[in-house]
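Participant: A single structure is presented below for examination.
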Amino acid sequence: MNVTYNWLKEFVDFDVTSDELASLLTMLGLEVESMVKLGDGLDDVVVALVEEKRQHPNADKLSLCRVNNGKEVLDVVCGAQNFSQGDTVALAQIGAILPGDFKIKRSKIRGEESCGMLCSDKELGLAEESAGIIVLPPGIATLGTPVFTALGLKDTLFEIGLTPNRSDCLSVIGIARDIAAKLGLKMKFPHSTLVECSERTDSVISVTIKNPDLCPRYAARYISGCKVAPSPEWLVKRLNSIGIRSINNVVDVTNLVMMELGQPLHAFDCLRLSGKQIVVRTAEEGEQFTTLDNQLRTLNSTDLVICDAERPVALAGIMGGLNSEIESTTTTILLESAFFKPAAIRKTAKRLGLHTESSHRFERGIDIDSVTRALDRAATLIVELAGGLLSHGCIDAYPGRSDRAAILFRPEKANELIGINLERVAIIDILTRLECQVSQCADGSVSVVPPHYRIDIEREIDLIEEVARLNGYDQIPATMPIARVISDRPTRHQEIEKKVRDLLVNNGMTEIINFSFTAPESVRKLLLSVDDPRHTAIKLANPLIDEQSVMRTTLLPGLLETTARNMNFRSLDLKLFEIRRVYLPGKGEDMPCEPLCIVGAITGTRDGDGWSRPNELVDFFDAKGVVETVLDFLDVGGISWVTENQESYYHPGKSCKIFAGRECVGSVGELHPSVQKNFEIEKPVFCFELDFEKLVKLSRTKKTITAPSRFPDSTRDVAMLIPEELAAAKIIDCIRAEKSNEIEHVQIFDVYRGKGVPDGYKSIAVRIRYRSFERTLAEEEIASLHNKIITNLTNKLKITVR
Amino acid sequence: MREQLEQLRNGALQAISKASSVEQLQDIRISLLGRKGELTALMKGLGSLSAEDRPIVGQLVNTVRDEIESALGAAIESAHEKFIAARLQSERIDISLPGRRPLKGTKHPVSLVIEEICSIFAGLGFAVAEGPEIEHDWYNFEALNFPPEHPARDMQDTFFVENNMLLRTHTSPVQIRTMLKQKPPVRIIAPGTVYRCDSDATHSPMFHQIEGLMVDSKVTFGDLKGILTVFTNQLFGQKTGVRLRPSYFPFTEPSAEVDIACVICGGKGCRVCKNSGWLEILGAGMVDPEVYRHVQYDAENISGFAFGMGIERIAMLKYGISDMRLLFENDVRFLRQF
């Protein structure tokens with residue numbers, strides 16, 4: 001809502017500067033989003049008198065003037081012809097900066113000194129074009145007065161961001177009322193001196209409301225013999241000042257009154273109305289109608305229309321019809337001022353995508369009380385500006401008349417909830433200033449009837465808010481609550497999520513966050529089988545773009561897209577992870593599931609480019625290492641790495657699923673070359689996926705700690721040849737199967753293929769550390785245990801010791 | 001024998017003084033005092049001496065051995081010192097070369113801000129609550145006093161999904177879910193992902209919010225002001241000015257917009273605060289009785305406040321980020337700075 005300082009001042013005579021007013025409005029909840037000071041910085045353009053004017057000696061089209069600015073007489077060279085000696089003019093003095101950053105300097109024009117410039121409307125930003133300089137009425141103000149002050153053009157435009165509850169402030173009067181209430185001032189109202197002729201309005205036109213539930217009030221007036229013409233300058237300027245374009249005197253008046261009083265009005269060309277009658281009804285299903293903007297609209301049975309005897313002539317509260325529009329030849333006017341139910345207007349406007357100043361107000365609710373006041377004000381102005389005869393009386397069909405219910409209000413409750421301690425009289429004074437009718441009840445409570453225009457005030461809490469607002473939020477002391485102690489620590493789920501995030505970050509991984517919605521085809525790039533449930537995504541009904549139209553069922557596509565994007569920017573060493581929800585459709589009427597998942601991608605060199613180490617490329621085991629760290633940290637037991645039924649998006653020879661007991665908790669592997677290509681990634685990427693929800697369930701929180709042995713250790717290395725297809729893990733398992741307390745640690749420390757190792761075999765070197773908790777082990781004990789282990793390996797796994 | 005010993009002693013002492021390394025000295029020790037050493041051999045010869053001579057010569061042998069040993073010891077120590085000095089003299093590295101360190105990992109700024117805010121509120125006794133992102137209209141709107149067809153719904157452009165559900169437009173439905181599960185006192189903070197159909201430099205169709213809710217027997221609007229002052233001072237620094245001004249949310253009354261003194265210009269007025277000196281960072285208010293009605297709380301005997309803020313907005317202010325889209329492009333050159 002745009003409003004100016006001067007316009008507000010016509011309604012309430014406040015004595016504050018525009019800056020103070022802006023802050024006052026903001027602190028009343030009418031947020032001033034921007035403020036433009038008209039004529040600001042133009043104080044050096046002053047009223048001056050041309051005492052002498054003669055021809056410039058060196059230029060035909062220029063004149064030399066001696067100009068009096070009240071303090072001194074200056075020489076000014078001027079190129080305009082439309083003034084003479086003795087005229088009062090606008091002088092831009094040296095130092096003035098005109099719109100367009102045009103700075104006035106002392107200069108010599110064709111050899112003659114000029115100490116300023118005589119200005120035109122255009123040069124002061126007051127008009128698009130001007131024929132010559134401004135000639136002011138003689139004696140308009142003392143010489144030296146700033147021109148903007150003299151012309152009464154000094155003003156400030158406020159752009160106010162209104163909250164949807166304050167529909168009353170979609171008008172100058174509404175904002176002025178809040179200022180008056182805050183400052184304790186009286187309101188002034190614009191005049192409406194009706195001059196009516198003897199012809200009765202209800203003898204010329206008639207109004208019938210078929211749907212009083214949707215239109216509780218409809219008032220109309222009739223003006224004949226008027227003349228549509230351009231509006232006078234004051235009206236054009238006033239509308240321009242808040243950004244409304246002038247159309248003609250009749251339409252401009254309806255707009256002016258709407259801005260002043262918040263009541264949308266509509267003027268029909270009455271001669272184009274069939275039967276000079278108005279019928280308010282709902283449209284017929286499929287009924288067609290062309291609105292003012294020349295658009296053919298198809299209506300349905302919930303749309304409210306204003307009709308004449310035959311057809312719709314306006315879409316109620318939204319827009320008039322082309323068939324009854326005011327034209328330059330119009331002489332007879334039917335002026336409408338009505339109240340339509342907000343929900344009905346909103347529904348129609350939304351469906352048709354038709355948002356107008358009028359619908360904006362009706363949707364939010366207008367003051368049903370001001371229907372006839374606005375009508376009278378507009379009629380008065382139209383007769384003043386366009387002439388014509390105003391018929392006697394107004395038609396006021398008001399089937400929905402009702403009084404506002406009184407609200408029970410307890411002043412002490414207001415103090416208690418706000419946390420202030422206002423006197424009872426002070427609270428009642430606030431409500432009275434807001435034009436509420438306040439009467440005191442015997443039990444100490446108060447009965448309050450709010451004014452019609454404050455449709456947002458319905459309950460005691462609404463009145464409490466008004467007390468807090470008018471008294472000022474800055475008057476409320478900041479206190480700490482007196483609260484009961486509650487013990488609430490983060491849930492296990494929240495705690496583990498944070499710890500896993502910390503762990504991954506501490507392992508050099510960078511967290512990413514991708515959008516929860518994705519393109520429908522992104523999951524297809526993973527080459528999943530047709531019946532994979534990850535194809536079934538929840539779709540958005542109204543996506544902004546197709547790339548964000550389905551809720552993701554896996555985090556992988558986002559991760560891989562991020563990987564590709566970073567690689568395009570030459571960030572080639574990447575360790576990325578994401579912990580976010582995926583969205584899976586619920587069964588039947590069930591809510592969708594939103595389980596948390598973890599994904600990671602690793603690519604490039606192991607430790608970034610460095611001076612001291614060869615740039616080793618990461619591989620499967622870097623990804624597996626991160627997974628092992630997480631599983632170890634969460635103490636998930638019974639882990640196995642399974643190569644059956646691998647995920648389609650991995651390299652089949654370099655990937656596996658991860659099981660904890662019988663539960664599949666994730667997967668790890670090198671990205672399948674085709675998937676890599678689908679995501680336009682040029683280098684190998686190693687990924688992992690973990691089902692966070694399952695891990696939370698399987699994580700063992702209780703740890704058992706054993707004291708370390710105090711006896712010396714003894715280590716034995718054994719190198720062996722094993723067939724390629726035998727998993728190294730089997731060797732470890734086999735050694736561990738010898739459930740001896742003396743085996744402290746088993747570690748694979750070398751895997752070798754090449755010279756000395758036959759084809760189809762690999763050499764594995766294992767280091768076993770023996771140590772007892774009870775004594776220093778004797779050489780023979782160790783030898784016997786070690787031999788037993790080697791015998792087991794040889795017998796069970798057919799290894800050959802090298 | 002005596003002469004032999006004298007010769008051995010002189011020869012040994014000479015060899016020791018000539019030796020230049022620990023290794024040479026060790027060799028001398030072995031050649032004299034080792035199992036097959038010269039002195040050892042002499043000592044073995046003692047047995048062939050007469051009973052009278054044996055103690056005298058024996059003592060002499062011991063004296064010579066002690067002399068040689070102490071000379072050897074001193075020489076070895078001095079050789080060792082020289083060796084260390086020479087080593088320290090010769091070994092030099094270029095300490096200006098970069099250190100060897102693992103690749104640095106970072107949390108996403110949104111996670112960082114959520115963690116920081118949650119920890120501030122944990123200190124004030126607020127527990128973390130969560131809720132679904134795909135919500136029913138009832139939790140997202142109706143229970144929060146947004147009736148169907150209400151203009152307030154325009155403030156939040158909603159994404160809809162099948163089965164009459166929607167993507168939550170704010171974290172406020174978590175208030176409803178919490179109050180339906182639990183009786184007062186309630187003190188929660190609810191971080192989460194929210195969605196609105198809006199996309200430009202300052203709006204993202206997906207973003208994050210943190211919701212706060214406190215309901216107890218005598219909570220006042222002044223208490224809301226107190227809690228938010230403590231919070232903003234902890235997040236943005238002590239003495240950050242805080243301003244509450246009237247606003248409107250369907251689920252709170254009285255409602256407030258909360259501004260902090262601009263963290264960029266300190267309140268003097270700059271481009272970021274549009275010359276107002278204030279930055280809007282959160283919305284808040286006393287829980288509307290209509291909300292209590294929906295969760296079957298007795299509005300007459302309890303009171304409480306709720307507040308909500310955008311995480312991205314706070315991250316942008318804290319880190320001086322001007323375009324919200326940077327937060328979701330996941331460029332590691334951006335992310336690794338956190």
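Simple scheme: letters A, B, ... for chains in structure tokens order, numbers from 1 for residues in each chain, numbers from 1 for ligands in the order shown.
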Would you mind listing what lies within 12 Å of Leu33 (chain B) as an mmCIF file with N, CA and C atoms, in the first residue's frame, with only C-alpha atoms counted and same-chain residues fewer than 4 positions away left out?

Facilitator:
data_model
loop_
_atom_site.group_PDB
_atom_site.id
_atom_site.type_symbol
_atom_site.label_atom_id
_atom_site.label_comp_id
_atom_site.auth_asym_id
_atom_site.auth_seq_id
_atom_site.Cartn_x
_atom_site.Cartn_y
_atom_site.Cartn_z
ATOM 1 N N LEU B 8 101.876 -52.647 25.961
ATOM 2 C CA LEU B 8 100.460 -52.751 25.578
ATOM 3 C C LEU B 8 99.689 -51.484 25.935
ATOM 4 N N ARG B 9 99.961 -51.007 27.141
ATOM 5 C CA ARG B 9 99.287 -49.804 27.632
ATOM 6 C C ARG B 9 99.603 -48.620 26.707
ATOM 7 N N ALA B 12 98.110 -49.012 23.321
ATOM 8 C CA ALA B 12 96.643 -48.831 23.375
ATOM 9 C C ALA B 12 96.289 -47.356 23.465
ATOM 10 N N LEU B 25 87.068 -47.038 17.814
ATOM 11 C CA LEU B 25 87.281 -47.217 19.255
ATOM 12 C C LEU B 25 86.700 -48.541 19.728
ATOM 13 N N GLN B 26 85.509 -48.868 19.177
ATOM 14 C CA GLN B 26 84.904 -50.159 19.536
ATOM 15 C C GLN B 26 85.831 -51.300 19.103
ATOM 16 N N ASP B 27 86.422 -51.162 17.890
ATOM 17 C CA ASP B 27 87.346 -52.190 17.406
ATOM 18 C C ASP B 27 88.542 -52.327 18.357
ATOM 19 N N ILE B 28 89.082 -51.200 18.821
ATOM 20 C CA ILE B 28 90.218 -51.224 19.749
ATOM 21 C C ILE B 28 89.827 -51.961 21.014
ATOM 22 N N ARG B 29 88.620 -51.647 21.508
ATOM 23 C CA ARG B 29 88.165 -52.298 22.727
ATOM 24 C C ARG B 29 88.159 -53.815 22.537
ATOM 25 N N GLY B 37 91.024 -60.752 23.084
ATOM 26 C CA GLY B 37 91.862 -59.560 23.101
ATOM 27 C C GLY B 37 93.230 -59.805 23.736
ATOM 28 N N GLU B 38 94.115 -58.851 23.445
ATOM 29 C CA GLU B 38 95.501 -58.991 23.922
ATOM 30 C C GLU B 38 95.568 -58.983 25.448
ATOM 31 N N LEU B 39 94.879 -58.024 26.062
ATOM 32 C CA LEU B 39 94.921 -57.939 27.520
ATOM 33 C C LEU B 39 94.289 -59.171 28.143
ATOM 34 N N THR B 40 93.200 -59.603 27.532
ATOM 35 C CA THR B 40 92.517 -60.811 28.033
ATOM 36 C C THR B 40 93.477 -62.004 28.004
ATOM 37 N N ALA B 41 94.252 -62.059 26.914
ATOM 38 C CA ALA B 41 95.207 -63.153 26.774
ATOM 39 C C ALA B 41 96.268 -63.099 27.888
ATOM 40 N N LEU B 42 96.700 -61.848 28.153
ATOM 41 C CA LEU B 42 97.695 -61.688 29.216
ATOM 42 C C LEU B 42 97.153 -62.150 30.556
ATOM 43 N N MET B 43 95.864 -61.743 30.761
ATOM 44 C CA MET B 43 95.261 -62.114 32.037
ATOM 45 C C MET B 43 95.176 -63.628 32.187
ATOM 46 N N LYS B 44 94.886 -64.283 31.028
ATOM 47 C CA LYS B 44 94.817 -65.742 31.084
ATOM 48 C C LYS B 44 96.190 -66.337 31.465
ATOM 49 N N VAL B 61 97.880 -55.570 36.011
ATOM 50 C CA VAL B 61 96.982 -55.819 34.866
ATOM 51 C C VAL B 61 95.680 -55.035 35.050
ATOM 52 N N ASN B 62 95.150 -55.115 36.275
ATOM 53 C CA ASN B 62 93.880 -54.398 36.557
ATOM 54 C C ASN B 62 94.033 -52.898 36.353
ATOM 55 N N VAL B 64 96.191 -51.382 34.442
ATOM 56 C CA VAL B 64 96.283 -51.095 33.002
ATOM 57 C C VAL B 64 94.901 -51.197 32.339
ATOM 58 N N ARG B 65 94.147 -52.217 32.725
ATOM 59 C CA ARG B 65 92.813 -52.376 32.118
ATOM 60 C C ARG B 65 91.915 -51.170 32.439
ATOM 61 N N ASP B 66 91.953 -50.782 33.733
ATOM 62 C CA ASP B 66 91.133 -49.622 34.119
ATOM 63 C C ASP B 66 91.529 -48.384 33.322
ATOM 64 N N GLU B 67 92.866 -48.212 33.189
ATOM 65 C CA GLU B 67 93.368 -47.039 32.479
ATOM 66 C C GLU B 67 92.856 -47.040 31.027
ATOM 67 N N ILE B 68 93.013 -48.223 30.401
ATOM 68 C CA ILE B 68 92.579 -48.327 29.002
ATOM 69 C C ILE B 68 91.071 -48.113 28.896
ATOM 70 N N GLU B 69 90.340 -48.725 29.807
ATOM 71 C CA GLU B 69 88.869 -48.605 29.755
ATOM 72 C C GLU B 69 88.406 -47.167 29.914
ATOM 73 N N LEU B 72 89.266 -45.312 26.844
ATOM 74 C CA LEU B 72 88.313 -45.689 25.790
ATOM 75 C C LEU B 72 86.966 -44.992 25.988
#

Participant: Chain A near chain B within 7 Å: what's each residue's closest atom pair and its distance in Å to one decimal, counting only C-alpha atoms, ordered by chain then ascending residue number, as JSON lines?

Facilitator:
{"residue": "A:Met27", "atom": "CA", "partner": "B:Arg245", "partner_atom": "CA", "distance": 5.2}
{"residue": "A:Leu28", "atom": "CA", "partner": "B:Pro246", "partner_atom": "CA", "distance": 6.1}
{"residue": "A:Gly29", "atom": "CA", "partner": "B:Pro246", "partner_atom": "CA", "distance": 4.2}
{"residue": "A:Thr163", "atom": "CA", "partner": "B:Tyr248", "partner_atom": "CA", "distance": 5.9}
{"residue": "A:Pro164", "atom": "CA", "partner": "B:Ala152", "partner_atom": "CA", "distance": 6.0}
{"residue": "A:Asn165", "atom": "CA", "partner": "B:Tyr248", "partner_atom": "CA", "distance": 6.9}
{"residue": "A:Ala343", "atom": "CA", "partner": "B:Glu149", "partner_atom": "CA", "distance": 6.4}
{"residue": "A:Arg364", "atom": "CA", "partner": "B:Pro151", "partner_atom": "CA", "distance": 6.8}
{"residue": "A:Glu416", "atom": "CA", "partner": "B:Thr220", "partner_atom": "CA", "distance": 6.9}
{"residue": "A:Leu417", "atom": "CA", "partner": "B:Thr220", "partner_atom": "CA", "distance": 4.9}
{"residue": "A:Ile418", "atom": "CA", "partner": "B:Phe221", "partner_atom": "CA", "distance": 4.6}
{"residue": "A:Gly419", "atom": "CA", "partner": "B:Gly222", "partner_atom": "CA", "distance": 5.2}
{"residue": "A:Ile461", "atom": "CA", "partner": "B:Glu253", "partner_atom": "CA", "distance": 6.8}
{"residue": "A:Glu465", "atom": "CA", "partner": "B:Pro254", "partner_atom": "CA", "distance": 4.7}
{"residue": "A:Arg469", "atom": "CA", "partner": "B:Pro246", "partner_atom": "CA", "distance": 6.3}
{"residue": "A:Tyr473", "atom": "CA", "partner": "B:Arg245", "partner_atom": "CA", "distance": 6.1}
{"residue": "A:Ile476", "atom": "CA", "partner": "B:Gly222", "partner_atom": "CA", "distance": 5.9}
{"residue": "A:Pro477", "atom": "CA", "partner": "B:Gly222", "partner_atom": "CA", "distance": 5.6}
{"residue": "A:Ala478", "atom": "CA", "partner": "B:Gly226", "partner_atom": "CA", "distance": 4.2}
{"residue": "A:Thr479", "atom": "CA", "partner": "B:Gly226", "partner_atom": "CA", "distance": 4.6}
{"residue": "A:Met480", "atom": "CA", "partner": "B:Asp223", "partner_atom": "CA", "distance": 5.0}
{"residue": "A:Pro481", "atom": "CA", "partner": "B:Asp223", "partner_atom": "CA", "distance": 5.0}
{"residue": "A:Ala483", "atom": "CA", "partner": "B:Asp216", "partner_atom": "CA", "distance": 6.7}
{"residue": "A:Arg484", "atom": "CA", "partner": "B:Pro185", "partner_atom": "CA", "distance": 6.9}
{"residue": "A:Asp488", "atom": "CA", "partner": "B:Ala127", "partner_atom": "CA", "distance": 5.5}
{"residue": "A:Arg489", "atom": "CA", "partner": "B:Ala127", "partner_atom": "CA", "distance": 6.3}
{"residue": "A:Pro490", "atom": "CA", "partner": "B:Val128", "partner_atom": "CA", "distance": 6.3}
{"residue": "A:Val505", "atom": "CA", "partner": "B:Gly105", "partner_atom": "CA", "distance": 4.5}
{"residue": "A:Asn506", "atom": "CA", "partner": "B:Gly105", "partner_atom": "CA", "distance": 6.1}
{"residue": "A:Asn507", "atom": "CA", "partner": "B:Gly105", "partner_atom": "CA", "distance": 6.7}
{"residue": "A:Gly508", "atom": "CA", "partner": "B:Gly105", "partner_atom": "CA", "distance": 3.8}
{"residue": "A:Met509", "atom": "CA", "partner": "B:Gly105", "partner_atom": "CA", "distance": 4.3}
{"residue": "A:Thr510", "atom": "CA", "partner": "B:Gly105", "partner_atom": "CA", "distance": 4.6}
{"residue": "A:Glu511", "atom": "CA", "partner": "B:Lys107", "partner_atom": "CA", "distance": 5.0}
{"residue": "A:Ile512", "atom": "CA", "partner": "B:Asn330", "partner_atom": "CA", "distance": 5.6}
{"residue": "A:Ile513", "atom": "CA", "partner": "B:Phe328", "partner_atom": "CA", "distance": 6.2}
{"residue": "A:Asn514", "atom": "CA", "partner": "B:Phe328", "partner_atom": "CA", "distance": 6.1}
{"residue": "A:Phe515", "atom": "CA", "partner": "B:Met206", "partner_atom": "CA", "distance": 6.5}
{"residue": "A:Ile538", "atom": "CA", "partner": "B:Val161", "partner_atom": "CA", "distance": 6.9}
{"residue": "A:Lys539", "atom": "CA", "partner": "B:Val161", "partner_atom": "CA", "distance": 5.9}
{"residue": "A:Leu540", "atom": "CA", "partner": "B:Val161", "partner_atom": "CA", "distance": 4.6}
{"residue": "A:Ala541", "atom": "CA", "partner": "B:Val161", "partner_atom": "CA", "distance": 5.2}
{"residue": "A:Asn542", "atom": "CA", "partner": "B:Phe159", "partner_atom": "CA", "distance": 6.0}
{"residue": "A:Pro543", "atom": "CA", "partner": "B:Phe159", "partner_atom": "CA", "distance": 6.9}
{"residue": "A:Leu544", "atom": "CA", "partner": "B:Cys197", "partner_atom": "CA", "distance": 6.4}
{"residue": "A:Thr562", "atom": "CA", "partner": "B:Asn330", "partner_atom": "CA", "distance": 6.6}
{"residue": "A:Asn566", "atom": "CA", "partner": "B:Asp331", "partner_atom": "CA", "distance": 6.0}
{"residue": "A:Asp607", "atom": "CA", "partner": "B:Leu103", "partner_atom": "CA", "distance": 5.8}
{"residue": "A:Gly608", "atom": "CA", "partner": "B:Leu103", "partner_atom": "CA", "distance": 6.9}

Participant: Take the residues just selected and output them with C-alpha atoms as a PDB file, in the first residue's frame.

Facilitator:
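Heads up, here's the output in out-v3.pdb:
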ATOM      1  CA  MET A  27       6.384   0.112  15.205  1.00  0.00           C
ATOM      2  CA  LEU A  28       2.588  -0.006  14.798  1.00  0.00           C
ATOM      3  CA  GLY A  29       2.954  -3.049  12.571  1.00  0.00           C
ATOM      4  CA  THR A 163       0.051  -8.046   6.801  1.00  0.00           C
ATOM      5  CA  PRO A 164      -3.092  -9.845   5.542  1.00  0.00           C
ATOM      6  CA  ASN A 165      -5.051  -9.108   8.733  1.00  0.00           C
ATOM      7  CA  ALA A 343     -14.153 -16.033   0.329  1.00  0.00           C
ATOM      8  CA  ARG A 364      -9.402  -9.327   2.667  1.00  0.00           C
ATOM      9  CA  GLU A 416      -0.524 -10.954  32.485  1.00  0.00           C
ATOM     10  CA  LEU A 417      -0.039 -12.236  28.970  1.00  0.00           C
ATOM     11  CA  ILE A 418       1.997  -9.299  27.711  1.00  0.00           C
ATOM     12  CA  GLY A 419       4.100  -9.047  30.846  1.00  0.00           C
ATOM     13  CA  ILE A 461      -6.779 -12.063  22.394  1.00  0.00           C
ATOM     14  CA  GLU A 465      -2.740  -7.621  20.876  1.00  0.00           C
ATOM     15  CA  ARG A 469       0.645  -2.786  19.854  1.00  0.00           C
ATOM     16  CA  TYR A 473       6.320  -3.415  21.856  1.00  0.00           C
ATOM     17  CA  ILE A 476       7.544  -4.434  27.140  1.00  0.00           C
ATOM     18  CA  PRO A 477      10.400  -5.415  29.460  1.00  0.00           C
ATOM     19  CA  ALA A 478      12.521  -8.384  28.364  1.00  0.00           C
ATOM     20  CA  THR A 479      12.241 -11.015  31.105  1.00  0.00           C
ATOM     21  CA  MET A 480      13.353 -14.620  31.506  1.00  0.00           C
ATOM     22  CA  PRO A 481      10.521 -17.130  31.917  1.00  0.00           C
ATOM     23  CA  ALA A 483       9.609 -22.401  33.954  1.00  0.00           C
ATOM     24  CA  ARG A 484       9.442 -25.924  35.278  1.00  0.00           C
ATOM     25  CA  ASP A 488      15.270 -33.622  27.622  1.00  0.00           C
ATOM     26  CA  ARG A 489      18.442 -34.763  25.960  1.00  0.00           C
ATOM     27  CA  PRO A 490      18.796 -35.326  22.230  1.00  0.00           C
ATOM     28  CA  VAL A 505      33.990 -34.615   8.368  1.00  0.00           C
ATOM     29  CA  ASN A 506      36.927 -35.685  10.522  1.00  0.00           C
ATOM     30  CA  ASN A 507      37.732 -38.251   7.853  1.00  0.00           C
ATOM     31  CA  GLY A 508      38.224 -35.473   5.337  1.00  0.00           C
ATOM     32  CA  MET A 509      34.782 -35.611   3.766  1.00  0.00           C
ATOM     33  CA  THR A 510      32.828 -32.505   2.722  1.00  0.00           C
ATOM     34  CA  GLU A 511      29.123 -32.368   3.427  1.00  0.00           C
ATOM     35  CA  ILE A 512      26.778 -31.414   0.599  1.00  0.00           C
ATOM     36  CA  ILE A 513      23.047 -30.638   0.621  1.00  0.00           C
ATOM     37  CA  ASN A 514      21.055 -31.248  -2.534  1.00  0.00           C
ATOM     38  CA  PHE A 515      17.409 -30.463  -3.204  1.00  0.00           C
ATOM     39  CA  ILE A 538       6.267 -39.096  -4.924  1.00  0.00           C
ATOM     40  CA  LYS A 539       5.420 -36.498  -7.583  1.00  0.00           C
ATOM     41  CA  LEU A 540       4.850 -32.791  -7.036  1.00  0.00           C
ATOM     42  CA  ALA A 541       1.517 -31.587  -8.398  1.00  0.00           C
ATOM     43  CA  ASN A 542       2.848 -28.097  -9.141  1.00  0.00           C
ATOM     44  CA  PRO A 543       6.620 -28.217  -9.666  1.00  0.00           C
ATOM     45  CA  LEU A 544       8.446 -25.028 -10.638  1.00  0.00           C
ATOM     46  CA  THR A 562      27.462 -32.749  -7.641  1.00  0.00           C
ATOM     47  CA  ASN A 566      32.766 -30.081  -9.271  1.00  0.00           C
ATOM     48  CA  ASP A 607      45.728 -36.835  -0.281  1.00  0.00           C
ATOM     49  CA  GLY A 608      45.520 -34.153  -2.887  1.00  0.00           C
TER      50      GLY A 608
END

Participant: So how far away is CA of Asp19 (chain A) from CA of Ala141 (chain A), in Å?

Facilitator: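 So the two atoms, CA of Ala141 (chain A) and CA of Asp19 (chain A), lie 25.8 Å apart.
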
Participant: Excluding region 378-388 of chain A and residues on its chain fewer than 5 positions from it, collect all residues at most 7 Å away from it, counting only C-alpha atoms, and give them as a list of chain:residue names.

Facilitator: A:Ser192, A:Thr193, A:Leu194, A:Ile223, A:Ser224, A:Gly225, A:Cys226, A:Lys227, A:Val228, A:Asn249, A:Val250, A:Val253, A:Thr254, A:Val257

Participant: How about saving the chosen residues, N, CA, C and O atoms kept, as a compact mmCIF listing (two decimals), in the first residue's frame?

Facilitator:
# COMPACT_ATOMS: atom_id res chain seq x y z
N SER A 192 -18.28 15.70 2.01
CA SER A 192 -19.23 15.17 1.02
C SER A 192 -20.48 16.03 1.11
O SER A 192 -21.38 15.75 1.87
N THR A 193 -20.49 17.10 0.36
CA THR A 193 -21.69 17.95 0.37
C THR A 193 -22.51 17.58 -0.85
O THR A 193 -22.22 17.98 -1.97
N LEU A 194 -23.49 16.75 -0.61
CA LEU A 194 -24.28 16.25 -1.72
C LEU A 194 -25.22 17.33 -2.23
O LEU A 194 -25.91 17.99 -1.45
N ILE A 223 -26.23 9.38 -11.79
CA ILE A 223 -25.87 10.74 -12.20
C ILE A 223 -26.12 10.85 -13.70
O ILE A 223 -25.66 10.01 -14.48
N SER A 224 -26.87 11.88 -14.11
CA SER A 224 -27.13 12.04 -15.54
C SER A 224 -26.58 13.37 -16.03
O SER A 224 -26.40 14.30 -15.24
N GLY A 225 -26.29 13.42 -17.30
CA GLY A 225 -25.87 14.68 -17.93
C GLY A 225 -24.46 15.12 -17.59
O GLY A 225 -24.13 16.30 -17.65
N CYS A 226 -23.62 14.18 -17.20
CA CYS A 226 -22.25 14.59 -16.87
C CYS A 226 -21.36 14.48 -18.11
O CYS A 226 -21.77 13.94 -19.14
N LYS A 227 -20.14 14.98 -18.00
CA LYS A 227 -19.26 14.99 -19.15
C LYS A 227 -17.91 14.37 -18.76
O LYS A 227 -17.21 14.88 -17.89
N VAL A 228 -17.61 13.28 -19.44
CA VAL A 228 -16.33 12.62 -19.17
C VAL A 228 -15.21 13.44 -19.80
O VAL A 228 -15.32 13.85 -20.96
N ASN A 249 -11.97 11.79 -15.56
CA ASN A 249 -12.44 12.31 -14.28
C ASN A 249 -13.31 11.32 -13.51
O ASN A 249 -13.18 11.19 -12.29
N VAL A 250 -14.17 10.55 -14.20
CA VAL A 250 -15.09 9.65 -13.48
C VAL A 250 -14.32 8.45 -12.88
O VAL A 250 -14.42 8.18 -11.68
N VAL A 253 -12.07 9.47 -10.02
CA VAL A 253 -12.75 9.69 -8.74
C VAL A 253 -12.97 8.35 -8.03
O VAL A 253 -12.72 8.23 -6.82
N THR A 254 -13.40 7.33 -8.78
CA THR A 254 -13.63 6.04 -8.11
C THR A 254 -12.32 5.50 -7.52
O THR A 254 -12.29 4.97 -6.42
N VAL A 257 -11.35 7.64 -4.34
CA VAL A 257 -12.15 7.32 -3.15
C VAL A 257 -11.77 5.93 -2.63
O VAL A 257 -11.72 5.71 -1.42

Participant: Measuring between only C-alpha atoms, which one of A:Lys702, A:Arg534, A:Arg565, A:Lys276 shows the shortest distance to Val582 (chain A)?

Facilitator: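 The answer is A:Arg534, which sits nearest to Val582 (chain A).
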
Participant: In Å, with one decimal, what is the gap from CA of Leu527 (chain A) to CA of Arg606 (chain A)?

Facilitator: 28.4 Å
